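Participant: Supplied structure: final_8.txt, compact mmCIF, C-alpha atoms and all ligand atoms.
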# COMPACT_ATOMS: atom_id res chain seq x y z
CA MET A 1362 84.56 167.90 260.77
CA ALA A 1363 83.07 166.56 257.59
CA VAL A 1364 82.32 169.22 255.02
CA ALA A 1365 79.98 168.14 252.29
CA ILE A 1366 81.23 169.24 248.92
CA GLY A 1367 79.34 168.68 245.74
CA ASN A 1368 76.20 167.09 247.07
CA GLY A 1369 74.24 170.21 247.78
CA ASP A 1370 74.32 169.78 251.54
CA GLN A 1371 75.86 173.18 252.13
CA ALA A 1372 72.54 174.89 252.17
CA SER A 1373 73.17 178.39 250.98
CA ALA A 1374 76.44 178.39 249.02
CA ILE A 1375 75.68 178.72 245.34
CA ILE A 1376 79.30 178.97 244.19
CA ARG A 1377 82.19 177.14 245.77
CA THR A 1378 85.75 176.71 244.60
CA LEU A 1379 88.51 174.73 246.22
CA GLY A 1380 92.11 175.34 245.27
CA LEU A 1381 90.97 176.57 241.88
CA THR A 1382 94.07 177.23 239.79
CA LYS A 1383 94.85 178.20 236.20
CA ILE A 1384 98.21 178.24 234.47
CA TYR A 1385 97.79 179.17 230.81
CA PRO A 1386 99.78 177.00 228.38
CA GLY A 1387 103.34 178.28 228.15
CA ALA A 1388 102.92 180.69 231.06
CA ASP A 1389 105.29 180.51 234.02
CA PHE A 1390 102.85 181.96 236.54
CA LYS A 1391 99.45 181.13 237.96
CA ALA A 1392 96.76 183.40 236.52
CA VAL A 1393 94.54 182.09 239.33
CA ASP A 1394 96.31 180.64 242.32
CA GLY A 1395 94.56 178.19 244.63
CA LEU A 1396 91.32 180.11 244.98
CA ASP A 1397 88.92 179.10 247.77
CA LEU A 1398 85.67 180.95 247.32
CA SER A 1399 82.18 180.62 248.66
CA VAL A 1400 79.29 182.73 247.41
CA GLU A 1401 75.96 182.58 249.19
CA HIS A 1402 72.50 182.67 247.64
CA GLY A 1403 71.35 186.21 247.03
CA GLU A 1404 74.76 187.79 247.45
CA VAL A 1405 76.15 190.36 245.11
CA PHE A 1406 79.70 189.10 245.33
CA GLY A 1407 82.47 191.24 243.91
CA LEU A 1408 85.90 190.30 242.66
CA LEU A 1409 87.81 193.56 242.80
CA GLY A 1410 91.29 193.78 241.42
CA PRO A 1411 93.50 195.54 238.87
CA ASN A 1412 93.92 194.45 235.27
CA GLY A 1413 95.60 191.07 235.13
CA ALA A 1414 94.54 190.07 238.66
CA GLY A 1415 92.79 186.95 237.37
CA LYS A 1416 89.15 188.05 237.55
CA THR A 1417 88.15 187.02 234.02
CA THR A 1418 90.04 183.74 234.31
CA THR A 1419 88.21 182.93 237.55
CA ALA A 1420 84.83 183.66 235.99
CA GLY A 1421 85.94 181.76 232.87
CA MET A 1422 86.51 178.63 234.93
CA LEU A 1423 83.20 179.02 236.76
CA THR A 1424 81.34 179.52 233.49
CA THR A 1425 83.05 176.55 231.71
CA ARG A 1426 84.92 178.69 229.17
CA VAL A 1427 88.34 178.09 230.74
CA VAL A 1428 89.53 174.63 231.81
CA PRO A 1429 91.19 174.77 235.25
CA THR A 1430 94.70 173.42 235.73
CA SER A 1431 93.71 172.08 239.14
CA GLY A 1432 91.15 172.47 241.89
CA SER A 1433 87.39 172.21 241.79
CA ALA A 1434 84.41 174.45 241.20
CA TYR A 1435 80.73 174.00 241.94
CA VAL A 1436 77.64 175.93 241.01
CA GLY A 1437 75.04 174.69 243.46
CA ALA A 1438 75.51 170.93 243.52
CA VAL A 1439 76.90 170.82 239.99
CA ASP A 1440 80.59 170.10 239.46
CA VAL A 1441 81.38 172.63 236.76
CA ILE A 1442 84.34 170.70 235.38
CA ALA A 1443 82.60 167.32 235.23
CA HIS A 1444 79.24 168.63 234.01
CA PRO A 1445 79.75 171.82 232.02
CA ALA A 1446 76.47 171.53 230.10
CA LEU A 1447 74.48 171.28 233.33
CA ALA A 1448 76.39 174.16 234.87
CA LYS A 1449 75.66 176.34 231.83
CA GLN A 1450 71.93 175.98 232.42
CA MET A 1451 72.37 177.52 235.84
CA ILE A 1452 74.38 180.57 234.92
CA GLY A 1453 73.98 183.76 232.96
CA VAL A 1454 77.03 185.54 231.60
CA VAL A 1455 77.75 189.08 230.51
CA SER A 1456 81.30 188.96 229.22
CA GLN A 1457 83.70 191.81 228.57
CA GLN A 1458 83.01 191.69 224.83
CA ASN A 1459 79.83 192.56 223.01
CA THR A 1460 78.43 189.11 222.19
CA LEU A 1461 75.07 190.21 220.78
CA ASP A 1462 74.05 188.51 217.54
CA ARG A 1463 74.40 191.12 214.81
CA GLN A 1464 72.16 189.18 212.41
CA LEU A 1465 69.24 189.54 214.80
CA THR A 1466 67.12 192.41 216.03
CA VAL A 1467 67.19 193.53 219.66
CA TRP A 1468 64.00 191.57 220.44
CA GLU A 1469 65.22 188.49 218.57
CA ASN A 1470 68.45 188.47 220.60
CA LEU A 1471 66.29 187.83 223.64
CA TYR A 1472 63.70 185.57 222.04
CA PHE A 1473 66.16 183.14 220.48
CA HIS A 1474 68.18 183.00 223.68
CA GLY A 1475 65.03 181.71 225.38
CA ARG A 1476 64.45 179.14 222.64
CA LEU A 1477 68.08 178.03 222.90
CA PHE A 1478 67.57 177.41 226.60
CA GLY A 1479 64.52 175.26 225.92
CA ILE A 1480 61.87 177.84 226.78
CA GLY A 1481 58.73 177.55 224.63
CA ALA A 1482 57.85 180.03 221.88
CA ALA A 1483 54.94 181.68 223.69
CA ASP A 1484 56.85 182.03 226.96
CA SER A 1485 59.93 183.31 225.18
CA ARG A 1486 57.85 185.93 223.40
CA LEU A 1487 56.31 187.15 226.65
CA ARG A 1488 59.60 187.20 228.49
CA ALA A 1489 61.37 189.04 225.68
CA ASP A 1490 58.65 191.72 225.76
CA ALA A 1491 58.78 191.98 229.54
CA LEU A 1492 62.57 192.25 229.69
CA LEU A 1493 62.67 194.92 226.98
CA GLU A 1494 60.19 196.86 229.09
CA GLN A 1495 62.14 196.31 232.32
CA PHE A 1496 65.41 197.41 230.71
CA GLN A 1497 63.84 200.38 228.92
CA LEU A 1498 64.57 199.01 225.48
CA SER A 1499 61.00 198.47 224.24
CA LYS A 1500 61.13 201.03 221.49
CA TRP A 1501 64.31 199.44 220.15
CA GLY A 1502 62.83 195.93 219.84
CA LYS A 1503 62.75 195.90 216.05
CA ALA A 1504 66.04 197.70 215.63
CA SER A 1505 69.31 196.13 214.64
CA VAL A 1506 71.75 195.78 217.54
CA PHE A 1507 74.02 198.10 215.53
CA ALA A 1508 71.61 200.90 216.41
CA LEU A 1509 72.26 200.56 220.15
CA SER A 1510 74.56 202.80 222.14
CA GLY A 1511 77.17 201.14 224.36
CA GLY A 1512 74.96 201.52 227.40
CA MET A 1513 71.90 200.07 225.67
CA ALA A 1514 73.88 197.14 224.28
CA GLN A 1515 75.14 196.41 227.76
CA ARG A 1516 71.58 196.53 229.16
CA LEU A 1517 70.47 194.11 226.45
CA MET A 1518 73.29 191.73 227.35
CA VAL A 1519 72.19 191.78 230.99
CA ALA A 1520 68.56 191.18 229.95
CA ARG A 1521 69.65 188.24 227.81
CA ALA A 1522 71.85 186.83 230.58
CA ILE A 1523 68.96 186.69 233.07
CA PHE A 1524 66.39 185.49 230.47
CA HIS A 1525 66.51 181.85 231.58
CA ARG A 1526 66.44 182.85 235.28
CA PRO A 1527 69.96 181.70 236.10
CA ALA A 1528 70.95 180.88 239.67
CA VAL A 1529 74.02 183.08 239.24
CA LEU A 1530 74.61 186.05 237.00
CA PHE A 1531 78.24 186.73 236.06
CA LEU A 1532 79.11 190.28 235.07
CA ASP A 1533 82.61 190.98 233.78
CA GLU A 1534 83.45 194.69 234.00
CA PRO A 1535 79.85 195.56 233.07
CA THR A 1536 80.36 199.31 232.94
CA ALA A 1537 83.86 199.50 231.48
CA GLY A 1538 83.98 202.01 228.67
CA LEU A 1539 80.51 203.43 229.36
CA ASP A 1540 79.94 207.14 229.75
CA PRO A 1541 79.10 208.24 233.32
CA GLN A 1542 75.37 208.53 232.64
CA SER A 1543 75.10 205.04 231.13
CA ARG A 1544 77.18 203.68 233.96
CA LEU A 1545 74.77 205.14 236.52
CA ALA A 1546 71.80 203.74 234.61
CA LEU A 1547 73.34 200.27 234.60
CA TRP A 1548 74.21 200.53 238.31
CA GLU A 1549 70.53 201.25 238.97
CA ILE A 1550 69.48 198.15 237.07
CA LEU A 1551 72.07 195.92 238.71
CA GLY A 1552 71.15 197.29 242.13
CA GLU A 1553 67.52 196.38 241.47
CA LEU A 1554 68.45 192.88 240.36
CA GLY A 1555 70.49 192.42 243.52
CA ARG A 1556 67.69 193.70 245.74
CA ALA A 1557 65.29 191.31 243.96
CA GLY A 1558 67.49 188.44 245.19
CA GLN A 1559 69.49 187.65 242.05
CA THR A 1560 72.85 186.15 243.02
CA ILE A 1561 75.52 188.05 241.13
CA MET A 1562 79.25 187.65 240.72
CA LEU A 1563 80.58 191.01 239.64
CA LEU A 1564 84.13 191.43 238.35
CA THR A 1565 85.44 194.94 238.36
CA HIS A 1566 88.46 197.15 238.78
CA TYR A 1567 86.27 200.15 239.67
CA MET A 1568 86.24 200.56 243.42
CA GLU A 1569 83.15 202.79 243.31
CA GLU A 1570 81.28 200.08 241.46
CA ALA A 1571 82.33 197.40 243.93
CA ASP A 1572 81.53 199.62 246.90
CA ARG A 1573 78.14 200.57 245.58
CA LEU A 1574 76.85 197.23 244.35
CA CYS A 1575 78.51 194.43 246.30
CA ASN A 1576 77.55 193.13 249.71
CA GLN A 1577 80.52 190.81 249.79
CA LEU A 1578 83.88 191.52 248.24
CA ALA A 1579 87.08 189.65 247.53
CA ILE A 1580 90.12 191.74 246.71
CA LEU A 1581 92.19 189.89 244.14
CA ASP A 1582 95.76 190.42 242.97
CA HIS A 1583 98.10 188.03 241.15
CA GLY A 1584 95.42 185.35 241.22
CA LYS A 1585 95.08 185.37 244.99
CA ILE A 1586 92.51 186.71 247.41
CA LEU A 1587 94.14 189.31 249.63
CA ALA A 1588 91.08 190.24 251.67
CA LEU A 1589 87.45 189.26 251.92
CA GLY A 1590 84.49 190.96 253.55
CA THR A 1591 81.78 193.54 253.17
CA PRO A 1592 82.96 196.85 251.70
CA ALA A 1593 82.39 198.49 255.10
CA ALA A 1594 84.38 195.83 256.97
CA LEU A 1595 87.25 196.06 254.48
CA LYS A 1596 87.41 199.80 254.96
CA ARG A 1597 87.22 199.44 258.75
CA SER A 1598 90.14 197.02 258.60
CA LEU A 1599 92.37 199.94 257.66
CA GLY A 1600 92.22 201.11 261.27
CA ALA A 1601 91.86 204.69 260.08
CA ASP A 1602 88.65 206.64 259.66
CA THR A 1603 89.96 209.65 257.77
CA ILE A 1604 92.23 210.15 254.80
CA VAL A 1605 93.82 213.58 254.53
CA THR A 1606 95.51 214.51 251.29
CA VAL A 1607 97.95 217.37 251.66
CA LYS A 1608 99.32 219.02 248.55
CA ALA A 1609 102.38 221.16 249.14
CA SER A 1610 105.54 222.45 247.59
CA GLY A 1611 108.79 220.70 248.48
CA ASP A 1612 109.94 217.20 249.27
CA GLY A 1613 107.11 214.72 249.86
CA GLU A 1614 109.18 212.39 252.03
CA LEU A 1615 110.16 215.23 254.35
CA LEU A 1616 106.56 216.44 254.59
CA ALA A 1617 105.43 212.88 255.36
CA ALA A 1618 107.99 212.60 258.15
CA ALA A 1619 106.98 215.97 259.61
CA LEU A 1620 103.29 215.02 259.60
CA ARG A 1621 103.97 211.58 261.07
CA ASN A 1622 105.89 213.17 263.94
CA GLY A 1623 103.71 216.20 264.49
CA VAL A 1624 100.15 214.96 264.02
CA ASP A 1625 98.58 212.54 266.52
CA ARG A 1626 97.04 209.24 265.57
CA VAL A 1627 98.50 208.99 262.09
CA THR A 1628 98.38 205.33 261.09
CA ARG A 1629 100.07 205.65 257.73
CA THR A 1630 101.59 208.17 255.35
CA ARG A 1631 102.07 207.81 251.64
CA VAL A 1632 103.80 210.16 249.24
CA VAL A 1633 101.54 210.94 246.30
CA ASP A 1634 101.86 213.20 243.29
CA GLY A 1635 102.55 216.68 244.69
CA GLY A 1636 102.05 215.84 248.32
CA VAL A 1637 101.26 213.34 251.03
CA GLU A 1638 98.30 211.16 251.91
CA LEU A 1639 97.74 210.72 255.61
CA SER A 1640 95.61 208.00 257.22
CA VAL A 1641 94.33 209.12 260.59
CA LYS A 1642 92.31 207.51 263.36
CA GLY A 1643 90.08 210.04 265.07
CA ALA A 1644 89.91 213.16 262.98
CA GLU A 1645 88.81 215.90 265.35
CA ARG A 1646 90.34 219.24 264.40
CA ILE A 1647 92.59 217.46 261.96
CA VAL A 1648 92.73 220.28 259.42
CA PRO A 1649 94.25 222.98 261.68
CA ARG A 1650 96.70 220.44 263.10
CA VAL A 1651 97.91 219.42 259.66
CA VAL A 1652 98.21 223.03 258.54
CA ASP A 1653 100.18 224.01 261.67
CA VAL A 1654 102.59 221.11 261.44
CA ALA A 1655 103.19 221.52 257.69
CA GLU A 1656 103.77 225.25 257.95
CA ALA A 1657 106.00 224.94 261.01
CA ALA A 1658 108.12 222.52 258.97
CA GLY A 1659 108.43 225.13 256.24
CA PHE A 1660 105.99 223.75 253.66
CA GLU A 1661 103.62 225.91 251.67
CA LEU A 1662 100.22 224.21 251.41
CA VAL A 1663 98.57 224.21 247.99
CA ASP A 1664 95.54 222.08 248.76
CA LEU A 1665 94.08 219.99 251.54
CA ALA A 1666 91.30 217.42 251.24
CA VAL A 1667 89.63 215.33 253.92
CA ALA A 1668 87.78 212.16 252.96
CA GLU A 1669 86.59 208.83 254.29
CA PRO A 1670 88.64 205.76 253.43
CA THR A 1671 87.81 204.05 250.14
CA LEU A 1672 88.44 200.57 248.79
CA GLU A 1673 91.31 202.17 246.89
CA ASN A 1674 92.98 202.88 250.25
CA VAL A 1675 92.34 199.28 251.27
CA PHE A 1676 93.97 198.03 248.07
CA ILE A 1677 96.98 200.32 248.48
CA ASN A 1678 97.35 199.23 252.07
CA LEU A 1679 97.39 195.58 250.98
CA THR A 1680 99.62 195.86 247.92
CA GLY A 1681 101.47 199.16 248.06
CA LYS A 1682 100.13 200.02 244.61
CA GLU A 1683 97.10 201.75 243.19
CA LEU A 1684 94.08 199.98 241.80
CA ARG A 1685 93.30 202.41 239.06
CA GLU A 1686 95.49 202.48 235.99
N1 LIG B 1 94.07 183.23 227.10
C1 LIG B 1 95.15 183.56 227.80
N2 LIG B 1 96.36 183.05 227.52
C2 LIG B 1 97.46 183.37 228.24
N3 LIG B 1 97.43 184.21 229.29
C3 LIG B 1 96.25 184.77 229.64
C4 LIG B 1 95.05 184.48 228.90
N4 LIG B 1 94.05 185.16 229.48
C5 LIG B 1 94.58 185.86 230.50
N5 LIG B 1 95.91 185.62 230.61
C6 LIG B 1 96.82 186.16 231.63
O1 LIG B 1 96.34 185.74 232.90
C7 LIG B 1 96.43 186.79 233.87
C8 LIG B 1 95.06 187.07 234.43
O2 LIG B 1 94.26 187.62 233.39
P1 LIG B 1 92.72 187.92 233.55
O3 LIG B 1 92.06 186.74 234.17
O4 LIG B 1 92.21 188.36 232.22
O5 LIG B 1 92.73 189.12 234.59
P2 LIG B 1 91.67 190.31 234.85
O6 LIG B 1 90.35 189.89 234.30
O7 LIG B 1 91.67 190.48 236.32
O8 LIG B 1 92.21 191.51 234.15
C9 LIG B 1 97.06 187.96 233.14
O9 LIG B 1 98.44 187.94 233.39
C10 LIG B 1 96.77 187.68 231.68
O10 LIG B 1 97.75 188.25 230.85
MG MG B 2 89.16 190.87 232.92
Show me the file's structure as structure tokens.
Facilitator:
Amino acid sequence: MAVAIGNGDQASAIIRTLGLTKIYPGADFKAVDGLDLSVEHGEVFGLLGPNGAGKTTTAGMLTTRVVPTSGSAYVGAVDVIAHPALAKQMIGVVSQQNTLDRQLTVWENLYFHGRLFGIGAADSRLRADALLEQFQLSKWGKASVFALSGGMAQRLMVARAIFHRPAVLFLDEPTAGLDPQSRLALWEILGELGRAGQTIMLLTHYMEEADRLCNQLAILDHGKILALGTPAALKRSLGADTIVTVKASGDGELLAAALRNGVDRVTRTRVVDGGVELSVKGAERIVPRVVDVAEAAGFELVDLAVAEPTLENVFINLTGKELRE
């Protein structure tokens, strides 16, 4: 079967990579290892993985900041490596660092971005006003960017990144370091952008963020995709519908063994700090069963929590380690 690559024939894919690989000079490992990705128009596509997984390097190659060691990358029909200037016109980037221009006011950061992208003065003025309004920054227009809180600065960076109506918006850990309230406010804004049809590639190590915002998710570790799907499908792939965390005195391994033997339909046990985490399929009357089995085995229960599986469980299942630091 002939697959058209690079001529725009693949109707809906807006990002495609083939064997995309990066080895940094002097490094003896692949920061990104043969990545094959396809992002469709209108998707909010997440790259979820721990620090060092290769998320920023992947986005760096797609946004022309990092030169790949091998492989290819396309944004729409544009070969990113061969035509970086063209590719840049099609993308908006919010990087991990604050890249606002400190010499300029809040409004000017938007306005001059428009001018830089070839948008006329009158249009740039209107769009800057409209975006300040949309991102609830209007009253800060004349202020220095130094006056902005972390959350406001991040909103301004998103506003600037979508100013020229990019085909794809790249967001690298957009809520890292924000307080919970600012994080929620930014999630609202990003959710709205996604619902309005903006294609987004979101890099994050926060599973809640990925779960909440993304409709397609690649789980990345050591530069490789370990799993790909909707958040719901990834969680279903665990084969368990309930996670029971049992905190108890005594030896975790022994408790895990007792629960594995005594409780039906346990798909997995994992010793955690001060207890055991149990994955279960079919959770009817799970609490009394767990209590009975643990107590019969001589354990004194301290706490018991029942929850639905999360992307954290998916990551642990795939790698044996936790996503969060
Ligand atoms: N400029 C660089 N030079 C050398 N190594 C780098 C550079 N940037 C990242 N790395 C390494 O590449 C790997 C992937 O990093 P990165 O893409 O930043 O991951 P993530 O964004 O998922 O945290 C890490 O091991 C990191 O230390
Ligand atoms: Mg990163």
Participant: Could you give me, as a PyMOL selection string, every polymer residue with an atom at most 10 Å away from an atom of ligand LIG 1 (chain B), counting only C-alpha atoms and all ligand atoms?
Facilitator: chain A and resi 1383-1393+1408-1422+1427+1457+1533-1534+1564-1566+1581-1584
Participant: Which is closest to ligand MG 2 (chain B) among A:Thr1536, A:Asn1678, A:Ser1456, A:Gln1542, if we use only C-alpha atoms and all ligand atoms?
Facilitator: A:Ser1456
Participant: Nearest to Glu1494 (chain A): which of A:Ala1579, A:Gly1611, A:Leu1477, A:Leu1517 is it, counting only C-alpha atoms?
Facilitator: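 Checking each candidate against Glu1494 (chain A), we get A:Leu1517 as the closest.
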Participant: Between A:Arg1377, A:Pro1535, A:Asn1459, A:Ser1399, which is the closest to ligand MG 2 (chain B) once you count all atoms listed in the file?
Facilitator: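 Distance minimum relative to ligand MG 2 (chain B) lands on A:Pro1535.
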Participant: Place a sphere of radius 8 Å on (90.5, 212.0, 252.8) in the file coordinates and name every protein, DNA or RNA residue with an atom inside or on its surface, counting all atoms listed in the file; give the answer as a PyMOL selection string.
Facilitator: chain A and resi 1603-1606+1638-1640+1666-1670
Participant: Could you please take those selected residues and save C-alpha atoms as a CSV table (one decimal), in the frame of the given file?
Facilitator:
chain,number,residue,atom,x,y,z
A,1603,THR,CA,90.0,209.6,257.8
A,1604,ILE,CA,92.2,210.2,254.8
A,1605,VAL,CA,93.8,213.6,254.5
A,1606,THR,CA,95.5,214.5,251.3
A,1638,GLU,CA,98.3,211.2,251.9
A,1639,LEU,CA,97.7,210.7,255.6
A,1640,SER,CA,95.6,208.0,257.2
A,1666,ALA,CA,91.3,217.4,251.2
A,1667,VAL,CA,89.6,215.3,253.9
A,1668,ALA,CA,87.8,212.2,253.0
A,1669,GLU,CA,86.6,208.8,254.3
A,1670,PRO,CA,88.6,205.8,253.4
Participant: Pick the closest to Ala1514 (chain A) from A:Val1627, A:Val1663, A:Ile1647, A:Val1467: which is it, counting all atoms listed in the file?
Facilitator: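 Among the listed residues, A:Val1467 lies closest to Ala1514 (chain A).
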Participant: Can you tell me how far CA of Ala1601 (chain A) sits from CA of Glu1404 (chain A), in Å to one decimal?
Facilitator: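 The value is 27.2 Å.
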